[in-house]
Amino acid sequence: MTMPPLPFKPLLLAGLLLATAPSFAQPGAPSRAGTYKDVVGEVFTVRGAHRLPAQPGDALQAADTVLTGETGSAAIVLRDGTELVVGPRSNTTLVRYAFDATTQEGNMLVQLLRGSLRYVTGLIGKLHPDKTEIKTPTLVVGVRGTDFIVETP
């Protein structure tokens with residue numbers, strides 16, 4: 001008789017079996033779009049039904065949402081070199097992200113529902129600015145600059 005897979009990754013420590021957070025590394029799962037470089041205060045990654053505290057080195061994937069608390073902020077670097085800095089009390093989703101390092105083709109859509117976001121252009125924005133968008137509840141910004149801040153209440 002085989003056991004069904006565990007919904008968590010077990011950790012063996014000093015002979016004790018401890019449960020850790022669910023592992024998101026699934027076959028066919030979306031690839032890493034970026035990496036948290038710095039995390040201050042309360043910062044969470046929402047991926048599907050999971051809400052996990054973010055830490056430097058954690059992956060960010062397309063469709064992930066970044067939530068920050070009252071004093072939280074996060075610096076994220078995407079694979080094409082784009083830098084996103086999410087400010088306090090923010091709700092930001094990397095709705096769409098694709099980048100081919102060989103051809104340097106790609107596109108992205110970032111949605112800021114609440115808070116602030118600093119955007120610093122990477123290769124997609126420099127080579128294909130028409131394929132880079134920042135969306136807020138009231139407008140869509142086509143990226144034509146290299147460094148700017150977007151805020152929404």
# chains A, B, ... in the order shown; residues from 1 in each chain; ligands from 1

$ residues_around --residues "A:Leu109" --least-positions-apart "5" --cutoff "7 Å" --atoms "only C-alpha atoms" --output "MDAnalysis selection string"
chainID A and resid 94:97 132:134

$ write_last_selection --atoms "C-alpha atoms" --output "mmCIF file, in the first residue's frame"
data_model
loop_
_atom_site.group_PDB
_atom_site.id
_atom_site.type_symbol
_atom_site.label_atom_id
_atom_site.label_comp_id
_atom_site.auth_asym_id
_atom_site.auth_seq_id
_atom_site.Cartn_x
_atom_site.Cartn_y
_atom_site.Cartn_z
ATOM 1 C CA LEU A 94 3.048 40.452 -11.455
ATOM 2 C CA VAL A 95 0.123 39.589 -13.736
ATOM 3 C CA ARG A 96 2.200 38.572 -16.744
ATOM 4 C CA TYR A 97 5.932 38.055 -17.201
ATOM 5 C CA THR A 132 5.785 46.720 -20.658
ATOM 6 C CA GLU A 133 2.732 47.967 -18.732
ATOM 7 C CA ILE A 134 1.922 49.086 -15.200
#

$ residues_around --residues "A:Thr65" --least-positions-apart "5" --cutoff "10 Å" --atoms "only C-alpha atoms" --output "number ranges by chain"
A: 44-48, 51, 60, 90-95, 110-112

$ write_last_selection --atoms "C-alpha atoms" --output "compact mmCIF listing (two decimals), in the first residue's frame"
# COMPACT_ATOMS: atom_id res chain seq x y z
CA PHE A 44 3.99 38.21 1.88
CA THR A 45 3.89 36.34 -1.42
CA VAL A 46 0.44 35.14 -2.41
CA ARG A 47 0.61 32.25 -4.87
CA GLY A 48 -2.70 30.56 -5.54
CA ARG A 51 0.23 33.21 1.58
CA LEU A 60 8.59 35.49 -7.54
CA SER A 90 0.85 47.80 -1.02
CA ASN A 91 -0.88 45.13 -3.08
CA THR A 92 1.02 44.44 -6.31
CA THR A 93 0.62 41.55 -8.75
CA LEU A 94 3.05 40.45 -11.45
CA VAL A 95 0.12 39.59 -13.74
CA VAL A 110 2.38 44.67 -13.28
CA GLN A 111 -0.82 45.62 -11.47
CA LEU A 112 -0.71 47.98 -8.48

$ residues_around --residues "A:Asp38" --least-positions-apart "2" --cutoff "12 Å" --atoms "only C-alpha atoms" --output "list in words"
Thr35, Tyr36, Val40, Gly41, Glu42, Val43, Ala54, Gln55, Pro56, Gly57, Asp58, Gly72, Ser73, Ala74, Ala75, Ile76, Val77, Glu83, Leu84, Val85, Val86 and Gly87 of chain A

$ atom_distance --atom1 "atom CA of A:Gly106" --atom2 "atom CA of A:Ala59"
18.6 Å

$ closest_residue --among "A:Gly69, A:Pro137, A:Pro53, A:Gly122" --to "A:Phe99" --atoms "only C-alpha atoms"
A:Gly122

$ residues_around --residues "A:Gly125" --least-positions-apart "5" --cutoff "12 Å" --atoms "only C-alpha atoms" --output "PyMOL selection string"
chain A and resi 78+80-83+99+104-109+119-120+130-134+142-147

$ atom_distance --atom1 "atom CA of A:Gln61" --atom2 "atom CA of A:Ala101"
16.2 Å

$ atom_distance --atom1 "atom CA of A:Leu113" --atom2 "atom CA of A:Arg79"
23.1 Å

$ decode --residues "stretch 14-101 of chain A" --atoms "C-alpha atoms" --output "mmCIF file, in the first residue's frame"
data_model
loop_
_atom_site.group_PDB
_atom_site.id
_atom_site.type_symbol
_atom_site.label_atom_id
_atom_site.label_comp_id
_atom_site.auth_asym_id
_atom_site.auth_seq_id
_atom_site.Cartn_x
_atom_site.Cartn_y
_atom_site.Cartn_z
ATOM 1 C CA ALA A 14 17.087 15.554 15.690
ATOM 2 C CA GLY A 15 14.903 12.537 14.968
ATOM 3 C CA LEU A 16 11.662 14.567 14.938
ATOM 4 C CA LEU A 17 9.504 14.947 11.842
ATOM 5 C CA LEU A 18 8.433 18.585 11.473
ATOM 6 C CA ALA A 19 6.097 20.095 8.873
ATOM 7 C CA THR A 20 7.391 22.991 6.827
ATOM 8 C CA ALA A 21 5.662 25.304 4.380
ATOM 9 C CA PRO A 22 4.338 23.716 1.189
ATOM 10 C CA SER A 23 6.871 23.334 -1.599
ATOM 11 C CA PHE A 24 5.914 25.200 -4.770
ATOM 12 C CA ALA A 25 8.390 23.356 -7.014
ATOM 13 C CA GLN A 26 5.926 21.366 -9.091
ATOM 14 C CA PRO A 27 6.666 19.786 -12.475
ATOM 15 C CA GLY A 28 5.381 22.124 -15.168
ATOM 16 C CA ALA A 29 5.050 24.983 -12.663
ATOM 17 C CA PRO A 30 5.826 28.514 -13.858
ATOM 18 C CA SER A 31 9.485 29.419 -13.754
ATOM 19 C CA ARG A 32 11.089 32.017 -11.536
ATOM 20 C CA ALA A 33 10.333 35.472 -12.926
ATOM 21 C CA GLY A 34 12.401 37.226 -10.306
ATOM 22 C CA THR A 35 13.975 37.150 -6.868
ATOM 23 C CA TYR A 36 13.379 39.070 -3.666
ATOM 24 C CA LYS A 37 16.625 40.967 -3.007
ATOM 25 C CA ASP A 38 15.564 42.810 0.143
ATOM 26 C CA VAL A 39 12.595 42.441 2.475
ATOM 27 C CA VAL A 40 11.785 44.807 5.356
ATOM 28 C CA GLY A 41 8.901 44.321 7.793
ATOM 29 C CA GLU A 42 5.800 42.338 6.863
ATOM 30 C CA VAL A 43 5.949 41.147 3.255
ATOM 31 C CA PHE A 44 3.992 38.210 1.879
ATOM 32 C CA THR A 45 3.890 36.340 -1.415
ATOM 33 C CA VAL A 46 0.440 35.136 -2.414
ATOM 34 C CA ARG A 47 0.609 32.249 -4.873
ATOM 35 C CA GLY A 48 -2.702 30.558 -5.537
ATOM 36 C CA ALA A 49 -4.261 29.758 -2.148
ATOM 37 C CA HIS A 50 -0.948 30.090 -0.280
ATOM 38 C CA ARG A 51 0.232 33.209 1.580
ATOM 39 C CA LEU A 52 3.830 32.907 2.736
ATOM 40 C CA PRO A 53 6.202 35.363 4.401
ATOM 41 C CA ALA A 54 8.722 36.611 1.829
ATOM 42 C CA GLN A 55 12.464 36.420 2.473
ATOM 43 C CA PRO A 56 15.507 37.544 0.483
ATOM 44 C CA GLY A 57 16.285 34.895 -2.141
ATOM 45 C CA ASP A 58 12.665 33.744 -2.501
ATOM 46 C CA ALA A 59 11.284 33.335 -6.009
ATOM 47 C CA LEU A 60 8.592 35.492 -7.535
ATOM 48 C CA GLN A 61 6.572 33.934 -10.362
ATOM 49 C CA ALA A 62 4.152 35.346 -12.908
ATOM 50 C CA ALA A 63 0.697 35.697 -11.283
ATOM 51 C CA ASP A 64 2.192 36.105 -7.770
ATOM 52 C CA THR A 65 0.934 38.949 -5.580
ATOM 53 C CA VAL A 66 3.184 40.877 -3.185
ATOM 54 C CA LEU A 67 1.460 42.225 -0.064
ATOM 55 C CA THR A 68 3.232 44.583 2.342
ATOM 56 C CA GLY A 69 2.225 45.666 5.833
ATOM 57 C CA GLU A 70 2.280 49.100 7.491
ATOM 58 C CA THR A 71 6.084 49.263 7.532
ATOM 59 C CA GLY A 72 6.819 46.563 4.966
ATOM 60 C CA SER A 73 8.724 46.960 1.706
ATOM 61 C CA ALA A 74 10.373 44.660 -0.795
ATOM 62 C CA ALA A 75 12.993 45.018 -3.531
ATOM 63 C CA ILE A 76 12.603 42.503 -6.350
ATOM 64 C CA VAL A 77 14.834 41.959 -9.387
ATOM 65 C CA LEU A 78 13.252 40.261 -12.401
ATOM 66 C CA ARG A 79 15.213 38.023 -14.788
ATOM 67 C CA ASP A 80 15.631 40.798 -17.383
ATOM 68 C CA GLY A 81 17.115 43.156 -14.773
ATOM 69 C CA THR A 82 13.910 45.094 -14.077
ATOM 70 C CA GLU A 83 13.798 46.319 -10.474
ATOM 71 C CA LEU A 84 10.526 46.609 -8.580
ATOM 72 C CA VAL A 85 10.424 48.231 -5.142
ATOM 73 C CA VAL A 86 7.075 47.710 -3.428
ATOM 74 C CA GLY A 87 6.326 50.241 -0.683
ATOM 75 C CA PRO A 88 4.345 49.986 2.571
ATOM 76 C CA ARG A 89 0.644 49.027 2.570
ATOM 77 C CA SER A 90 0.852 47.797 -1.017
ATOM 78 C CA ASN A 91 -0.882 45.134 -3.079
ATOM 79 C CA THR A 92 1.017 44.438 -6.308
ATOM 80 C CA THR A 93 0.620 41.549 -8.754
ATOM 81 C CA LEU A 94 3.048 40.452 -11.455
ATOM 82 C CA VAL A 95 0.123 39.589 -13.736
ATOM 83 C CA ARG A 96 2.200 38.572 -16.744
ATOM 84 C CA TYR A 97 5.932 38.055 -17.201
ATOM 85 C CA ALA A 98 7.882 36.327 -19.944
ATOM 86 C CA PHE A 99 11.534 36.775 -20.851
ATOM 87 C CA ASP A 100 13.834 34.792 -23.142
ATOM 88 C CA ALA A 101 17.441 35.576 -22.201
#
